[in-house]
Amino acid sequence: MSSQVLRVGRFSTGTVDIHPQHAYRGRSPMYWWILASKRWLAARPINVYAVEHSDGLVVFDTGQDRASVTDCEYFPSGPTGVIYRRLARFDVAEDETVTSGLAGLGYQASDVSVAVISHLHQDHIGGIPELAHADLLVSADEWRSHMRPLAGPRGYLRAHIDVPGWSWRQLEFPRLADAVLQPFTHGHDLFGDGSVVILPTPGHTPGSISMFVRRPGSVPLLLVGDLTYDIHALVEGVHGGVGSHRRLRQTRAKVLALKSNYPGMRILAAHDPHAARLLDTANAVETGR
């Protein structure tokens, strides 16, 4: 059998409530709305994507750690802790772990060979303790960002990132060998066959990455982490309220240009309520249902 993607599945490690300004950027400065906003959007999923390739099982992001809702010391104390408590509210049930989610798709945690982390915020790295045997891929820019001063207030909880024994691999992005992913010119071809390509998509964080997945006989997928919280907002040019507006705008333009080259491409985000349906319809196209 030739090297290829065999299956793409999704599960959620609980839900998160966020403020409207988090998903749809307003006029207020970020720390102002974090502390002052009294409105919360309806609970959104914390999506994890599993990509079964003939050469190994890959997960894109690892969701939220249940310890974040059971361990009172999971988040920092003091002013930084206030920011985290005001930024988001999580609900993670006992059966909403990475191990449980993978089991629902017919896998074991030990089947995962690679975990691609879109960025190092805590609701994307929460399942890593269950996948400590896997290679953990993150962009070199993201790794450098989490090492800079004031990591905690910028969303990086080093106590849950710099863990002894975890196998982090920092990715640089060489020029792609062909032009099929224009306007993206640099990336990392995970299996060397063009079926799974990691692309730099900065904006939400300096080193955020996305993963392009190409399957035989089906529409391609672009897994984008927190580039958007709502695919409709992305198309309309409405950015989230966390990150660099300029870089989010630039990355959005590149993603939409890529989509114009692949009109059926589904864009799947970490907290988009539409993501499950989008993936289901993409999989239905694949199977001809």
# chains A, B, ... in the order shown; residues from 1 in each chain; ligands from 1
$ select_by_dssp --residues "segment 82-235 of chain A" --states "strand (DSSP E or B)" --output "PyMOL selection string"
chain A and resi 88-91+112-116+135-139+167-171+175+186+188-189+196-200+209-213+221-225
$ residues_around --residues "Val238 of chain A" --least-positions-apart "2" --cutoff "7 Å" --atoms "only C-alpha atoms" --output "ChimeraX atom specification"
/A:24-25,233-234,236,240
$ residues_around --residues "Pro202 of chain A" --least-positions-apart "6" --cutoff "8 Å" --atoms "only C-alpha atoms" --output "compact mmCIF listing (two decimals) with C-alpha atoms, in the first residue's frame"
# COMPACT_ATOMS: atom_id res chain seq x y z
CA SER A 208 1.24 29.17 15.71
CA ILE A 209 1.11 26.39 13.12
CA ARG A 247 -0.29 38.90 11.54
CA LEU A 248 -3.75 37.39 11.87
CA THR A 251 -2.29 34.69 7.71
$ atom_distance --atom1 "atom CA of His274 of chain A" --atom2 "atom CA of Gly14 of chain A"
15.5 Å
$ atom_distance --atom1 "atom CA of Tyr49 of chain A" --atom2 "atom CA of Gly101 of chain A"
9.8 Å
$ select_by_dssp --residues "segment 56-262 of chain A" --states "helix (DSSP H, G or I)" --output "PyMOL selection string"
chain A and resi 67-70+78-87+98-104+109-111+122-125+128-131+140-146+152-154+158-160+231-236+245-261
$ closest_atom_pairs --of "segment 101-131 of chain A" --to "segment 55-68 of chain A" --cutoff "8 Å" --atoms "only C-alpha atoms" --output "CSV"
residue,atom,partner,partner_atom,distance
A:Asp111,CA,A:Leu57,CA,6.3
A:Val112,CA,A:Leu57,CA,4.9
A:Ser113,CA,A:Leu57,CA,5.7
A:Val114,CA,A:Val58,CA,4.9
A:Ala115,CA,A:Val59,CA,4.9
A:Val116,CA,A:Phe60,CA,4.8
A:Ile117,CA,A:Asp61,CA,4.7
A:Ser118,CA,A:Asp61,CA,6.1
A:Gln122,CA,A:Gln64,CA,6.7
A:Asp123,CA,A:Gln64,CA,4.3
A:His124,CA,A:Gly63,CA,4.4
A:Ile125,CA,A:Thr62,CA,5.2
A:Gly126,CA,A:Asp65,CA,3.9
A:Gly127,CA,A:Thr62,CA,4.6
A:Ile128,CA,A:Thr62,CA,6.3
$ write_last_selection --atoms "C-alpha atoms" --output "tab-separated table (two decimals), in the first residue's frame"
chain	number	residue	atom	x	y	z
A	111	ASP	CA	-0.83	4.21	19.13
A	112	VAL	CA	0.03	7.91	18.81
A	113	SER	CA	3.51	8.41	17.39
A	114	VAL	CA	3.43	12.18	16.88
A	115	ALA	CA	1.57	15.05	18.53
A	116	VAL	CA	1.61	18.28	16.53
A	117	ILE	CA	0.93	21.24	18.84
A	118	SER	CA	-0.57	24.27	17.11
A	122	GLN	CA	-2.71	25.31	28.04
A	123	ASP	CA	-5.90	24.20	26.27
A	124	HIS	CA	-3.79	22.68	23.48
A	125	ILE	CA	-1.17	20.84	25.56
A	126	GLY	CA	-3.41	19.36	28.27
A	127	GLY	CA	-3.32	15.78	27.00
A	128	ILE	CA	0.45	15.56	26.65
$ decode --residues "segment 227-256 of chain A" --atoms "N, CA and C atoms" --output "CSV table (one decimal), in the first residue's frame"
chain,number,residue,atom,x,y,z
A,227,LEU,N,-6.4,30.0,15.0
A,227,LEU,CA,-6.3,31.0,14.0
A,227,LEU,C,-7.7,31.7,13.9
A,228,THR,N,-8.8,30.9,14.1
A,228,THR,CA,-10.1,31.5,14.2
A,228,THR,C,-10.9,30.7,15.2
A,229,TYR,N,-12.0,31.2,15.7
A,229,TYR,CA,-12.9,30.5,16.6
A,229,TYR,C,-14.2,30.2,15.9
A,230,ASP,N,-14.3,30.6,14.6
A,230,ASP,CA,-15.5,30.5,13.9
A,230,ASP,C,-15.2,30.7,12.4
A,231,ILE,N,-15.4,29.6,11.6
A,231,ILE,CA,-15.0,29.7,10.2
A,231,ILE,C,-15.7,30.8,9.5
A,232,HIS,N,-17.0,31.1,9.8
A,232,HIS,CA,-17.7,32.1,9.2
A,232,HIS,C,-17.1,33.5,9.4
A,233,ALA,N,-16.6,33.7,10.7
A,233,ALA,CA,-15.9,34.9,11.0
A,233,ALA,C,-14.6,35.1,10.2
A,234,LEU,N,-13.9,34.0,10.1
A,234,LEU,CA,-12.6,34.0,9.3
A,234,LEU,C,-12.9,34.4,7.9
A,235,VAL,N,-13.9,33.9,7.2
A,235,VAL,CA,-14.2,34.2,5.9
A,235,VAL,C,-14.6,35.7,5.7
A,236,GLU,N,-15.3,36.2,6.8
A,236,GLU,CA,-15.8,37.6,6.8
A,236,GLU,C,-14.7,38.6,7.2
A,237,GLY,N,-13.5,38.1,7.7
A,237,GLY,CA,-12.5,39.0,8.1
A,237,GLY,C,-12.5,39.5,9.5
A,238,VAL,N,-13.3,38.7,10.3
A,238,VAL,CA,-13.4,39.1,11.8
A,238,VAL,C,-12.4,38.2,12.5
A,239,HIS,N,-11.4,38.8,13.2
A,239,HIS,CA,-10.4,38.1,13.9
A,239,HIS,C,-10.7,37.9,15.4
A,240,GLY,N,-10.0,36.9,16.0
A,240,GLY,CA,-10.1,36.8,17.4
A,240,GLY,C,-9.4,37.9,18.2
A,241,GLY,N,-9.7,38.0,19.5
A,241,GLY,CA,-9.2,39.1,20.2
A,241,GLY,C,-7.9,38.8,20.9
A,242,VAL,N,-7.2,37.7,20.7
A,242,VAL,CA,-5.9,37.4,21.3
A,242,VAL,C,-4.9,37.2,20.2
A,243,GLY,N,-3.9,38.0,20.2
A,243,GLY,CA,-2.8,37.9,19.2
A,243,GLY,C,-2.6,39.2,18.5
A,244,SER,N,-1.8,39.1,17.4
A,244,SER,CA,-1.4,40.2,16.6
A,244,SER,C,-2.4,40.4,15.5
A,245,HIS,N,-3.1,41.5,15.5
A,245,HIS,CA,-4.1,41.8,14.4
A,245,HIS,C,-3.5,41.8,13.1
A,246,ARG,N,-2.3,42.4,12.9
A,246,ARG,CA,-1.6,42.5,11.6
A,246,ARG,C,-1.3,41.1,11.1
A,247,ARG,N,-0.7,40.2,12.0
A,247,ARG,CA,-0.3,38.9,11.5
A,247,ARG,C,-1.5,38.0,11.3
A,248,LEU,N,-2.5,38.2,12.1
A,248,LEU,CA,-3.8,37.4,11.9
A,248,LEU,C,-4.3,37.7,10.5
A,249,ARG,N,-4.3,39.0,10.2
A,249,ARG,CA,-4.8,39.5,8.9
A,249,ARG,C,-4.0,38.9,7.7
A,250,GLN,N,-2.7,38.9,7.9
A,250,GLN,CA,-1.8,38.3,6.8
A,250,GLN,C,-2.0,36.8,6.7
A,251,THR,N,-2.1,36.1,7.8
A,251,THR,CA,-2.3,34.7,7.7
A,251,THR,C,-3.7,34.3,7.2
A,252,ARG,N,-4.7,35.1,7.5
A,252,ARG,CA,-6.0,34.8,7.0
A,252,ARG,C,-6.0,34.9,5.5
A,253,ALA,N,-5.3,35.9,4.9
A,253,ALA,CA,-5.3,36.1,3.5
A,253,ALA,C,-4.6,34.9,2.8
A,254,LYS,N,-3.6,34.4,3.4
A,254,LYS,CA,-2.9,33.2,2.9
A,254,LYS,C,-3.8,32.0,2.9
A,255,VAL,N,-4.5,31.8,4.0
A,255,VAL,CA,-5.4,30.6,4.2
A,255,VAL,C,-6.5,30.7,3.2
A,256,LEU,N,-7.1,31.9,3.0
A,256,LEU,CA,-8.2,32.0,2.0
A,256,LEU,C,-7.7,31.8,0.6
